[in-house]
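To keep things clear, I will list the structure first and then write my remarks on it.
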Amino acid sequence: MTKTNPFTLTFGKSPNKIISRYEYASETIDTFQSKTPISHAYLIEGVRGSGKTVLMTTIEKQLAQEKNWIIIDLNSTQDLLTDFAMRLVDSCKNLTDILKKGFNFSVAGFSVGLNGEEQNRNNVSVICELLDKLKKKNKKILITIDEVINGDNMKHFASEFQILLRKDYPIFLIMTGLYENIYAIQNDPALTFLLRTPKIQLEPLSLSQIAKTYQNVFKTNIEMSKKLAKTTKGYAFAFQALGLLYYDYKDSLSLEKIISKFDDLLDDFVYRKIWQGLSENDQKVILAITDSKSQVSAVCKKLGMTSSTFSKYRERLLNRGIIQAPQHGYVEIILPRFAELAKYYAE
């Protein structure tokens with residue numbers, strides 16, 4: 001019987017083998033379940049492939065096991081308020097004494113049967129009516145939005161969400177996004193409440209936990225497991241990609257050839273998009289930083305930049321999760337083998 005590879009490259013799907021971020025998940029769940037939550041929303045920020053969706057899915061799965069929680073997953077490309085109303089209605093169909101008799105849904109909107117007559121209702125009024133009833137039943141609603149982008153759709157939804165909070169409805173929100181999108185949303189004058197929303201910035205996974213996972217799956221020695229773990233640099237997608245390849249080819253290919261295939265996956269799935277999202281000067285800074293830690297003064301000299309000019313790019317790349325500052329006066333690329341592929345892109 002052929003064994004199933006426990007690793008996956010499918011974004012948005014929880015792999016069979018994951019490194020759990022217990023601290024982040026526990027903090028969010030404890031906050032939402034508190035009698036007096038300090039926040040009704042969390043923002044999960046990170047570079048592509050850093051595990052944002054997996055963390056959000058972990059949180060919602062744990063809350064879904066509680067009888068008093070209703071999970072609503074929204075599509076960021078749709079009209080968020082309409083999507084919320086539709087999915088809230090669907091979630092209420094299995095609950096007694098929530099939907100009125102004769103309640104119907106049409107593409108044009110909602111209609112509620114009252115005394116044999118139909119009345120058109122807008123999305124917000126239906127949402128409020130359902131939330132009123134759910135609150136009386138001690139239900140809590142978690143709304144999740146993956147890979148949010150700023151725009152009129154987001155502004156409209158977030159503004160209504162803030163109003164619903166002021167009405168003391170038991171609603172909670174988790175959104176994931178890239179640094180630049182989260183930054184745009186938090187600094188939009190129309191969405192000031194999100195500026196105060198706690199933000200989870202995903203850091204690299206534990207190399208120790210990655211090594212232990214690899215050793216357990218591959219039944220290999222700890223030295224090889226540590227070597228593989230270091231190759232991933234704790235990058236969540238790299239953990240999955242290298243694990244998938246090593247599982248399939250460890251008995252037929254050399255590690256060097258596996259790493260070559262690893263580069264191809266990084267390029268196809270994430271790095272090309274990351275590179276294309278950088279400005280020309282951001283790209284130049286990346287090319288000036290070697291794969292190991294580089295002295296800032298040497299990078300500035302190579303670029304012909306002053307330290308104050310360089311600091312602007314340094315800050316942006318730090319926030320995007322592409323580089324890190326391991327110690328004062330030094331920077332290094334945090335993404336595994338990104339330096340090698342960056343040279344290829346530049347050519």
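Labels for the structure tokens follow display order: chains A, B, ..., residues from 1 in each chain, ligands from 1.
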
Please identify every residue of stretch 21-114 of chain A that has at least one atom no farther than 9 Å from an atom of stretch 258-275 of chain A, counting only C-alpha atoms, and for each give the shortest atom pair and the distance in Å to one decimal, arranged by chain then increasing number, as CSV.
```
residue,atom,partner,partner_atom,distance
A:Val47,CA,A:Ile274,CA,8.2
A:Arg48,CA,A:Val270,CA,6.3
A:Gly49,CA,A:Val270,CA,6.9
```

(message) For the structure I just gave you, how does DSSP split stretch 205-329 of chain A - specifically, which residues are alpha helix (DSSP H)? Reply as a PyMOL selection string.
(response) chain A and resi 207-218+222-232+236-249+255-266+272-276+280-288+296-303+307-319

Residues of stretch 42-83 of chain A at most 12 Å from stretch 129-143 of chain A: nearest atom pair and distance in Å, only C-alpha atoms, as a Markdown table:
```
| residue | atom | partner | partner_atom | distance |
| --- | --- | --- | --- | --- |
| A:Tyr42 | CA | A:Ile143 | CA | 10.6 |
| A:Leu43 | CA | A:Ile143 | CA | 12.0 |
| A:Met56 | CA | A:Ile143 | CA | 10.6 |
| A:Thr57 | CA | A:Ile143 | CA | 11.5 |
| A:Ile59 | CA | A:Leu142 | CA | 10.0 |
| A:Glu60 | CA | A:Leu142 | CA | 7.6 |
| A:Lys61 | CA | A:Leu142 | CA | 10.8 |
| A:Gln62 | CA | A:Leu142 | CA | 11.5 |
| A:Leu63 | CA | A:Leu142 | CA | 8.4 |
| A:Ala64 | CA | A:Leu142 | CA | 9.1 |
| A:Glu66 | CA | A:Lys140 | CA | 9.9 |
| A:Lys67 | CA | A:Lys139 | CA | 8.2 |
| A:Asn68 | CA | A:Lys139 | CA | 4.7 |
| A:Trp69 | CA | A:Lys140 | CA | 4.8 |
| A:Ile70 | CA | A:Ile141 | CA | 4.8 |
| A:Ile71 | CA | A:Leu142 | CA | 4.9 |
| A:Ile72 | CA | A:Ile143 | CA | 4.8 |
| A:Asp73 | CA | A:Ile143 | CA | 5.9 |
| A:Leu74 | CA | A:Ile143 | CA | 7.0 |
| A:Asn75 | CA | A:Ile143 | CA | 10.5 |
| A:Ser76 | CA | A:Ile143 | CA | 11.6 |
| A:Leu80 | CA | A:Ile143 | CA | 10.6 |
| A:Leu81 | CA | A:Ile143 | CA | 11.3 |
| A:Asp83 | CA | A:Ile143 | CA | 10.9 |
```

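Between atom CA of A:Ser252 and atom CA of A:Thr220 lies a distance of 15.1 Å.
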
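Distance check against A:Glu256 using only C-alpha atoms: of A:Phe237, A:Leu228, A:Val89, A:Gln283, the minimum falls on A:Leu228.
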
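Among the candidates A:Ser50, A:Thr306, A:Asn187, A:Thr31, the one nearest to A:Gly234 when counting only C-alpha atoms is A:Ser50.
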
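Among A:Phe32, A:Tyr22, A:Tyr345, A:Tyr247, the residue with the shortest atom-to-atom distance to A:Ile174, counting only C-alpha atoms, is A:Phe32.
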
(message) With only C-alpha atoms as the counted atoms, please give the residues lying no more than 9 Å from A:Ile182, apart from itself and same-chain residues fewer than 6 positions off, as JSON, numbers by chain.
(response) {"A": [43, 44, 45, 148, 149, 150, 175, 176]}

(request) Fewer than 5 positions away in the same chain doesn't count, so skip those; otherwise give me all residues within 9 Å of A:Cys128, counting only C-alpha atoms, as a PyMOL selection string. (result) chain A and resi 123+133+164+169

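Put simply, atom CA of A:Pro6 is 8.4 Å away from atom CA of A:Val217.
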
(request) Can you pull out every residue within 12 Å of A:Pro189, counting only C-alpha atoms, but drop anything in the same chain fewer than 4 positions away, and send it as a PyMOL selection string? (result) chain A and resi 150+155+158-159+183-185+193-195

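Listed by chain and then by rising number, the residues of stretch 7-58 of chain A that DSSP assigns to strand (DSSP E or B) from the backbone are A:Ala41, A:Tyr42, A:Leu43, A:Ile44, A:Glu45.
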
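Relative to atom CA of A:Arg316, atom CA of A:Ala298 is found at 19.1 Å.
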